[in-house]
$ cat target_5.txt   # compact mmCIF, C-alpha atoms
# COMPACT_ATOMS: atom_id res chain seq x y z
CA MET G 30 0.00 0.00 0.00
CA ILE G 31 1.42 3.36 -1.03
CA VAL G 32 0.70 6.06 1.57
CA THR G 33 1.62 9.69 1.00
CA MET G 34 0.83 13.10 2.41
CA ASN G 35 0.80 14.47 -1.15
CA ASP G 36 -2.34 14.64 -3.26
CA GLN G 37 -0.60 12.82 -6.13
CA ILE G 38 1.87 9.93 -6.44
CA PRO G 39 4.82 10.82 -8.68
CA GLY G 40 4.82 8.71 -11.84
CA ARG G 41 1.37 7.24 -11.13
CA GLU G 42 -2.10 8.31 -12.18
CA ILE G 43 -5.16 8.10 -9.94
CA ALA G 44 -7.95 6.24 -11.72
CA GLU G 45 -10.63 6.44 -9.04
CA THR G 46 -11.24 7.98 -5.63
CA LEU G 47 -12.83 5.45 -3.29
CA GLY G 48 -13.44 7.55 -0.19
CA ILE G 49 -11.94 8.38 3.17
CA ALA G 50 -9.88 5.64 4.81
CA ARG G 51 -9.55 6.03 8.55
CA GLY G 52 -8.25 4.30 11.60
CA ASN G 53 -8.56 5.54 15.13
CA ILE G 54 -7.75 4.44 18.64
CA VAL G 55 -8.38 5.92 22.06
CA ARG G 56 -5.74 5.22 24.69
CA ALA G 57 -5.76 5.90 28.40
CA ARG G 58 -2.81 6.44 30.67
CA PHE G 59 -2.35 4.00 33.52
CA VAL G 60 -1.03 4.29 37.05
CA GLY G 61 2.33 2.58 36.53
CA ARG G 62 3.27 4.78 33.60
CA ASP G 63 1.91 7.88 35.36
CA PHE G 64 4.04 7.22 38.42
CA VAL G 65 7.28 6.92 36.43
CA ALA G 66 6.33 9.91 34.26
CA GLY G 67 5.61 11.95 37.38
CA LEU G 68 9.07 11.20 38.74
CA ARG G 69 10.64 12.13 35.40
CA ASN G 70 8.65 15.38 35.42
CA LEU G 71 10.43 16.37 38.64
CA VAL G 72 13.87 16.24 37.02
CA GLY G 73 12.89 17.33 33.51
CA GLY G 74 13.58 15.78 30.13
CA GLU G 75 11.64 13.55 27.78
CA VAL G 76 8.89 11.43 29.26
CA SER G 77 9.83 8.34 27.27
CA GLU G 78 6.96 6.27 28.72
CA TYR G 79 4.45 8.56 27.01
CA THR G 80 6.58 8.85 23.87
CA ARG G 81 6.43 5.06 23.45
CA LEU G 82 2.69 4.98 24.25
CA LEU G 83 1.92 7.57 21.57
CA GLU G 84 4.25 5.94 19.04
CA GLU G 85 2.50 2.59 19.51
CA THR G 86 -0.89 4.30 19.27
CA ARG G 87 0.01 6.12 16.04
CA ASP G 88 1.29 2.86 14.52
CA GLU G 89 -1.94 1.08 15.39
CA ALA G 90 -4.14 3.90 14.02
CA PHE G 91 -2.04 3.92 10.83
CA GLY G 92 -2.45 0.14 10.44
CA ARG G 93 -6.20 0.41 10.92
CA MET G 94 -6.37 3.10 8.23
CA VAL G 95 -4.45 0.89 5.78
CA THR G 96 -6.77 -2.04 6.58
CA ASP G 97 -9.79 0.20 5.95
CA ALA G 98 -8.36 1.26 2.57
CA GLU G 99 -7.63 -2.37 1.64
CA LYS G 100 -11.26 -3.28 2.39
CA MET G 101 -12.28 -0.60 -0.14
CA GLY G 102 -9.97 -2.14 -2.74
CA ALA G 103 -7.50 0.77 -2.71
CA ASP G 104 -3.99 0.67 -4.14
CA ALA G 105 -2.89 3.80 -2.30
CA ILE G 106 -3.81 6.48 0.23
CA VAL G 107 -3.16 10.12 -0.62
CA THR G 108 -3.46 13.25 1.55
CA PHE G 109 -2.63 11.16 4.64
CA ARG G 110 -2.81 12.95 8.02
CA PHE G 111 -2.82 12.30 11.75
CA SER G 112 -5.15 14.10 14.13
CA THR G 113 -5.20 13.98 17.92
CA SER G 114 -7.77 14.96 20.50
CA THR G 115 -8.48 14.54 24.18
CA ILE G 116 -11.61 12.55 24.93
CA MET G 117 -11.50 12.99 28.71
CA GLU G 118 -8.87 13.50 31.39
CA GLY G 119 -6.10 10.98 30.83
CA THR G 120 -7.24 9.72 27.41
CA SER G 121 -6.26 10.68 23.89
CA GLU G 122 -7.59 9.75 20.48
CA ILE G 123 -5.25 9.34 17.54
CA LEU G 124 -6.94 9.38 14.13
CA ALA G 125 -5.12 8.46 10.92
CA TYR G 126 -6.98 9.37 7.74
CA GLY G 127 -6.53 9.90 4.03
CA THR G 128 -8.15 9.44 0.65
CA ALA G 129 -8.23 5.85 -0.60
CA VAL G 130 -7.59 5.63 -4.35
CA LYS G 131 -7.21 3.13 -7.19
CA LEU G 132 -4.24 3.65 -9.48
CA LYS G 133 -4.04 3.11 -13.24
$ encode --input "target_5.txt" --output "structure tokens"
Amino acid sequence: MIVTMNDQIPGREIAETLGIARGNIVRARFVGRDFVAGLRNLVGGEVSEYTRLLEETRDEAFGRMVTDAEKMGADAIVTFRFSTSTIMEGTSEILAYGTAVKLK
């Protein structure tokens, strides 16, 4: 599956637009990670526990988007983006989305 943030794929022609492909996930923090992150907050620096959590969450949302596009019969996803939002205290949603297309 070709995935790009551009609206075109160099050297390829889009034959058909199939619709919006999306994948989302909502993740909550948990006590163990919060405790370690709180300690790290006291001394400063990167909170690697949350960095890993968000990286894993983005990867999963991305995979779900690709699966959604495959179900539509897409060859590629153009105009790919990530979006984030807070659902409630301690939870975040990561949404991966783009336009599923068929290539000539």
$ closest_residue --input "target_5.txt" --among "G:Leu83, G:Leu124, G:Leu47, G:Leu132" --to "Lys100 in chain G" --atoms "all atoms listed in the file"
G:Leu47
$ closest_residue --input "target_5.txt" --among "G:Ile38, G:Lys133, G:Ile31, G:Ile123" --to "Arg93 in chain G" --atoms "all atoms listed in the file"
G:Ile123
$ atom_distance --input "target_5.txt" --atom1 "CA of Asp104 in chain G" --atom2 "CA of Ala129 in chain G"
7.6 Å
$ residues_near_point --input "target_5.txt" --point "(-4.9, 1.3, 5.9)" --cutoff "6 Å" --atoms "only C-alpha atoms" --output "count of residues only"
7
$ residues_around --input "target_5.txt" --residues "Ile106 in chain G" --least-positions-apart "3" --cutoff "10 Å" --atoms "all atoms listed in the file" --output "ChimeraX atom specification"
/G:30-38,46-50,94-95,98-99,103,109,126-131
$ closest_residue --input "target_5.txt" --among "G:Val55, G:Pro39, G:Ala44, G:Phe91" --to "Thr115 in chain G" --atoms "all atoms listed in the file"
G:Val55
$ closest_residue --input "target_5.txt" --among "G:Arg81, G:Thr113, G:Glu118, G:Val107" --to "Glu42 in chain G" --atoms "only C-alpha atoms"
G:Val107
$ closest_residue --input "target_5.txt" --among "G:Ile116, G:Ala105, G:Ala90, G:Ile54" --to "Arg41 in chain G" --atoms "only C-alpha atoms"
G:Ala105
$ closest_residue --input "target_5.txt" --among "G:Ser112, G:Glu84, G:Tyr79, G:Ala125" --to "Gly52 in chain G" --atoms "only C-alpha atoms"
G:Ala125
$ atom_distance --input "target_5.txt" --atom1 "CA of Ala57 in chain G" --atom2 "CA of Thr108 in chain G"
27.9 Å
$ atom_distance --input "target_5.txt" --atom1 "CA of Glu122 in chain G" --atom2 "CA of Glu78 in chain G"
17.1 Å
